[in-house]
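Enquirer: Before anything else, here's the structure in question.
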Amino acid sequence: MALGLLWLGLHLLGALQVHAQSSTPNLIPAPPLSRVPLQPNFQDDQFQGKWYVVGLAGNAFSKEELGTFTMYSTTYELKDDHSYNVTSILLRDQRCNYFVRTFVPSSQPGQFSLGNIKAYSGLQNYTVRVAATNYNQFAIVFFKKVSQNKEYFKTTLYGRTKELTPELRENFIRFAKSLGLADDHILFPVPIDKCIDGE
């Protein structure tokens, strides 16, 4: 049951692969990590805390498929070993869904892998890369996973608040397009209060 809920969480957080496999058999290829920027001098203590998902783009979904998509929040809690406990809270069917996982640091500051990956059936690789952040306002984070020999990727625009400047949103759109994504694969979730503002 717990494993099923965790996989459901991955599904909700951008994978949406069942639908993608039936509707988009030819996924937009994931870029190599060498093409994805990495925040210089990443400060893990400053990055921790609560972020709202203000923008979302990926190769496994489209605006048309998702329709109206509501904002969710993700909180990074730094542990002594410099990994993060990461909790995302989503509103689904009028209920708050909590999805918890661990991001383990790599040799490159700002890049992480998913902890306990063997617990996720079919998941072969999962990489998280902080592309850019100023810590107190926004962050752009890149996620890439390999599941059942298919590569999925997404990028999120995080905000410390639910609204970001038009300039930051435009920068996010340009970044997503630099990864090969088109307008139809870039969306801005509708801000909500329920669940994501609860402590």
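Please note that chains go A, B, ... in the order of the structure tokens, that every chain numbers its residues from 1, and that ligands are numbered from 1 in the order shown.
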As a short mmCIF file (atom, residue, chain, number, x, y, z; two decimals) with all heavy atoms, in the first residue's frame, please: every residue in segment 13-123 of chain A that DSSP puts in alpha helix (DSSP H).

Expert:
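Result went into result_23.cif, see below:
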data_model
loop_
_atom_site.label_atom_id
_atom_site.label_comp_id
_atom_site.auth_asym_id
_atom_site.auth_seq_id
_atom_site.Cartn_x
_atom_site.Cartn_y
_atom_site.Cartn_z
N GLN A 17 3.06 8.91 -16.58
CA GLN A 17 3.57 8.14 -17.69
C GLN A 17 2.56 7.19 -18.31
O GLN A 17 2.66 6.88 -19.49
CB GLN A 17 4.82 7.38 -17.25
CG GLN A 17 4.57 6.36 -16.16
CD GLN A 17 5.86 5.85 -15.60
OE1 GLN A 17 6.77 6.60 -15.36
NE2 GLN A 17 5.93 4.56 -15.40
N VAL A 18 1.61 6.73 -17.57
CA VAL A 18 0.64 5.82 -18.17
C VAL A 18 -0.08 6.52 -19.30
O VAL A 18 -0.21 6.01 -20.41
CB VAL A 18 -0.37 5.31 -17.10
CG1 VAL A 18 -1.47 4.51 -17.75
CG2 VAL A 18 0.35 4.47 -16.06
N HIS A 19 -0.53 7.74 -19.01
CA HIS A 19 -1.19 8.53 -20.04
C HIS A 19 -0.22 8.87 -21.16
O HIS A 19 -0.55 8.83 -22.33
CB HIS A 19 -1.77 9.81 -19.43
CG HIS A 19 -2.71 10.52 -20.34
ND1 HIS A 19 -3.97 10.07 -20.59
CD2 HIS A 19 -2.55 11.63 -21.09
CE1 HIS A 19 -4.57 10.88 -21.44
NE2 HIS A 19 -3.72 11.84 -21.76
N ALA A 20 1.01 9.20 -20.78
CA ALA A 20 2.00 9.59 -21.78
C ALA A 20 2.29 8.44 -22.72
O ALA A 20 2.44 8.64 -23.92
CB ALA A 20 3.28 10.04 -21.08
N GLN A 21 2.36 7.21 -22.19
CA GLN A 21 2.68 6.07 -23.04
C GLN A 21 1.58 5.83 -24.06
O GLN A 21 1.85 5.44 -25.19
CB GLN A 21 2.89 4.83 -22.17
CG GLN A 21 4.21 4.87 -21.41
CD GLN A 21 4.31 3.78 -20.38
OE1 GLN A 21 3.37 3.05 -20.12
NE2 GLN A 21 5.47 3.70 -19.75
N SER A 22 0.34 6.11 -23.69
CA SER A 22 -0.75 5.86 -24.63
C SER A 22 -0.95 7.01 -25.60
O SER A 22 -1.36 6.81 -26.73
CB SER A 22 -2.05 5.60 -23.87
OG SER A 22 -2.40 6.73 -23.11
N SER A 23 -0.64 8.25 -25.15
CA SER A 23 -0.94 9.39 -26.01
C SER A 23 0.29 9.97 -26.70
O SER A 23 0.16 10.59 -27.74
CB SER A 23 -1.63 10.49 -25.19
OG SER A 23 -0.76 10.94 -24.18
N ASP A 44 23.09 24.40 0.52
CA ASP A 44 21.96 23.54 0.87
C ASP A 44 21.15 24.06 2.04
O ASP A 44 19.93 23.87 2.10
CB ASP A 44 22.42 22.09 1.13
CG ASP A 44 23.50 21.96 2.19
OD1 ASP A 44 23.85 22.98 2.84
OD2 ASP A 44 24.00 20.83 2.39
N ASP A 45 21.79 24.78 2.97
CA ASP A 45 21.04 25.29 4.11
C ASP A 45 20.10 26.43 3.71
O ASP A 45 19.00 26.57 4.26
CB ASP A 45 21.98 25.76 5.21
CG ASP A 45 22.95 26.85 4.76
OD1 ASP A 45 23.32 26.86 3.56
OD2 ASP A 45 23.34 27.69 5.59
N GLN A 46 20.49 27.22 2.72
CA GLN A 46 19.64 28.32 2.26
C GLN A 46 18.49 27.84 1.37
O GLN A 46 17.46 28.49 1.27
CB GLN A 46 20.46 29.36 1.51
CG GLN A 46 21.46 30.10 2.38
CD GLN A 46 22.22 31.15 1.59
OE1 GLN A 46 21.64 31.94 0.86
NE2 GLN A 46 23.55 31.13 1.72
N PHE A 47 18.71 26.69 0.71
CA PHE A 47 17.70 26.16 -0.20
C PHE A 47 16.55 25.49 0.55
O PHE A 47 15.43 25.41 0.06
CB PHE A 47 18.33 25.16 -1.17
CG PHE A 47 17.38 24.69 -2.26
CD1 PHE A 47 17.11 25.49 -3.34
CD2 PHE A 47 16.77 23.44 -2.18
CE1 PHE A 47 16.25 25.08 -4.34
CE2 PHE A 47 15.91 23.01 -3.17
CZ PHE A 47 15.65 23.83 -4.26
N LYS A 63 -0.61 20.60 -21.55
CA LYS A 63 -1.69 21.41 -20.97
C LYS A 63 -3.04 20.77 -21.26
O LYS A 63 -3.92 20.72 -20.41
CB LYS A 63 -1.67 22.82 -21.58
CG LYS A 63 -0.54 23.69 -21.14
CD LYS A 63 -0.66 25.03 -21.83
CE LYS A 63 0.56 25.89 -21.59
NZ LYS A 63 0.53 27.13 -22.36
N GLU A 64 -3.19 20.30 -22.49
CA GLU A 64 -4.48 19.72 -22.90
C GLU A 64 -4.82 18.49 -22.06
O GLU A 64 -5.96 18.31 -21.62
CB GLU A 64 -4.42 19.34 -24.38
CG GLU A 64 -5.73 18.80 -24.92
CD GLU A 64 -5.64 18.43 -26.39
OE1 GLU A 64 -4.71 18.88 -27.07
OE2 GLU A 64 -6.51 17.68 -26.85
N GLU A 65 -3.84 17.65 -21.79
CA GLU A 65 -4.07 16.43 -21.02
C GLU A 65 -4.39 16.73 -19.56
O GLU A 65 -5.24 16.09 -18.95
CB GLU A 65 -2.85 15.52 -21.09
CG GLU A 65 -2.61 14.94 -22.47
CD GLU A 65 -1.21 14.34 -22.61
OE1 GLU A 65 -0.40 14.46 -21.68
OE2 GLU A 65 -0.95 13.79 -23.67
N LEU A 66 -3.68 17.71 -18.99
CA LEU A 66 -3.84 17.99 -17.56
C LEU A 66 -5.03 18.89 -17.27
O LEU A 66 -5.58 18.85 -16.18
CB LEU A 66 -2.57 18.64 -17.00
CG LEU A 66 -1.36 17.73 -16.87
CD1 LEU A 66 -0.21 18.47 -16.21
CD2 LEU A 66 -1.69 16.48 -16.05
#

Enquirer: Compile the contact shell of Leu90 of chain A as number ranges by chain: residues with an atom at most 10 Å away, counting only C-alpha atoms, same-chain residues fewer than 5 positions apart removed.

Expert: A: 9, 12-13, 70-74, 95-99, 194-196

Enquirer: Would you output that residue set with C-alpha atoms, as a PDB file, in the first residue's frame?

Expert:
ATOM      1  CA  GLY A   9       3.097  10.503  -5.807  1.00  0.00           C
ATOM      2  CA  LEU A  12       1.226  13.052  -9.780  1.00  0.00           C
ATOM      3  CA  LEU A  13       4.444  15.040  -9.593  1.00  0.00           C
ATOM      4  CA  THR A  70      -3.629  23.231  -9.121  1.00  0.00           C
ATOM      5  CA  MET A  71      -0.513  24.431  -7.364  1.00  0.00           C
ATOM      6  CA  TYR A  72       1.252  22.173  -4.900  1.00  0.00           C
ATOM      7  CA  SER A  73       4.005  22.808  -2.373  1.00  0.00           C
ATOM      8  CA  THR A  74       7.291  21.061  -1.701  1.00  0.00           C
ATOM      9  CA  ARG A  95      -8.118  15.566  -0.081  1.00  0.00           C
ATOM     10  CA  CYS A  96      -4.578  16.480   0.931  1.00  0.00           C
ATOM     11  CA  ASN A  97      -2.041  13.979  -0.387  1.00  0.00           C
ATOM     12  CA  TYR A  98       1.433  13.876   1.138  1.00  0.00           C
ATOM     13  CA  PHE A  99       4.343  12.457  -0.796  1.00  0.00           C
ATOM     14  CA  LYS A 194      -6.163  24.349   0.701  1.00  0.00           C
ATOM     15  CA  CYS A 195      -3.590  21.776   1.858  1.00  0.00           C
ATOM     16  CA  ILE A 196      -0.510  23.630   0.666  1.00  0.00           C
TER      17      ILE A 196
END

Enquirer: I need the residue nearest Phe142 of chain A from this list: A:Leu181, A:Leu164, A:Leu38, A:Leu78. Use only C-alpha atoms for the distance.

Expert: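 The shortest atom-to-atom distance to Phe142 of chain A comes from A:Leu38.
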
Enquirer: Ranking A:Ile192, A:Ile117, A:Leu33, A:Leu168 by minimum distance to Asn134 of chain A and counting only C-alpha atoms, which one comes first?

Expert: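 Ranking A:Ile192, A:Ile117, A:Leu33, A:Leu168 by distance to Asn134 of chain A, first place goes to A:Leu168.
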
Enquirer: Which residues come within 9 Å of Val146 of chain A, counting only C-alpha atoms, excluding same-chain residues fewer than 6 positions away, as a PyMOL selection string?

Expert: chain A and resi 122-126+152-153

Enquirer: What are the DSSP strand (DSSP E) residues of chain A, as a ChimeraX atom specification?

Expert: /A:49-58,73-78,84-92,95-105,111-114,123-133,138-147,150-159,186-187

Enquirer: Nearest to Phe42 of chain A: which of A:His82, A:Arg92, A:Lys177, A:Lys144 is it, counting only C-alpha atoms?

Expert: A:His82

Enquirer: To one decimal place in Å, what is the distance between atom CA of Leu157 of chain A and atom CA of Thr87 of chain A?

Expert: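 So the two atoms, atom CA of Leu157 of chain A and atom CA of Thr87 of chain A, lie 16.4 Å apart.
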
Enquirer: Using only C-alpha atoms, can you tell me which of A:Pro29, A:Phe188, A:Ser34, A:Ser147 comes closest to Arg169 of chain A?

Expert: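 So, comparing all the options, the nearest one is A:Phe188.
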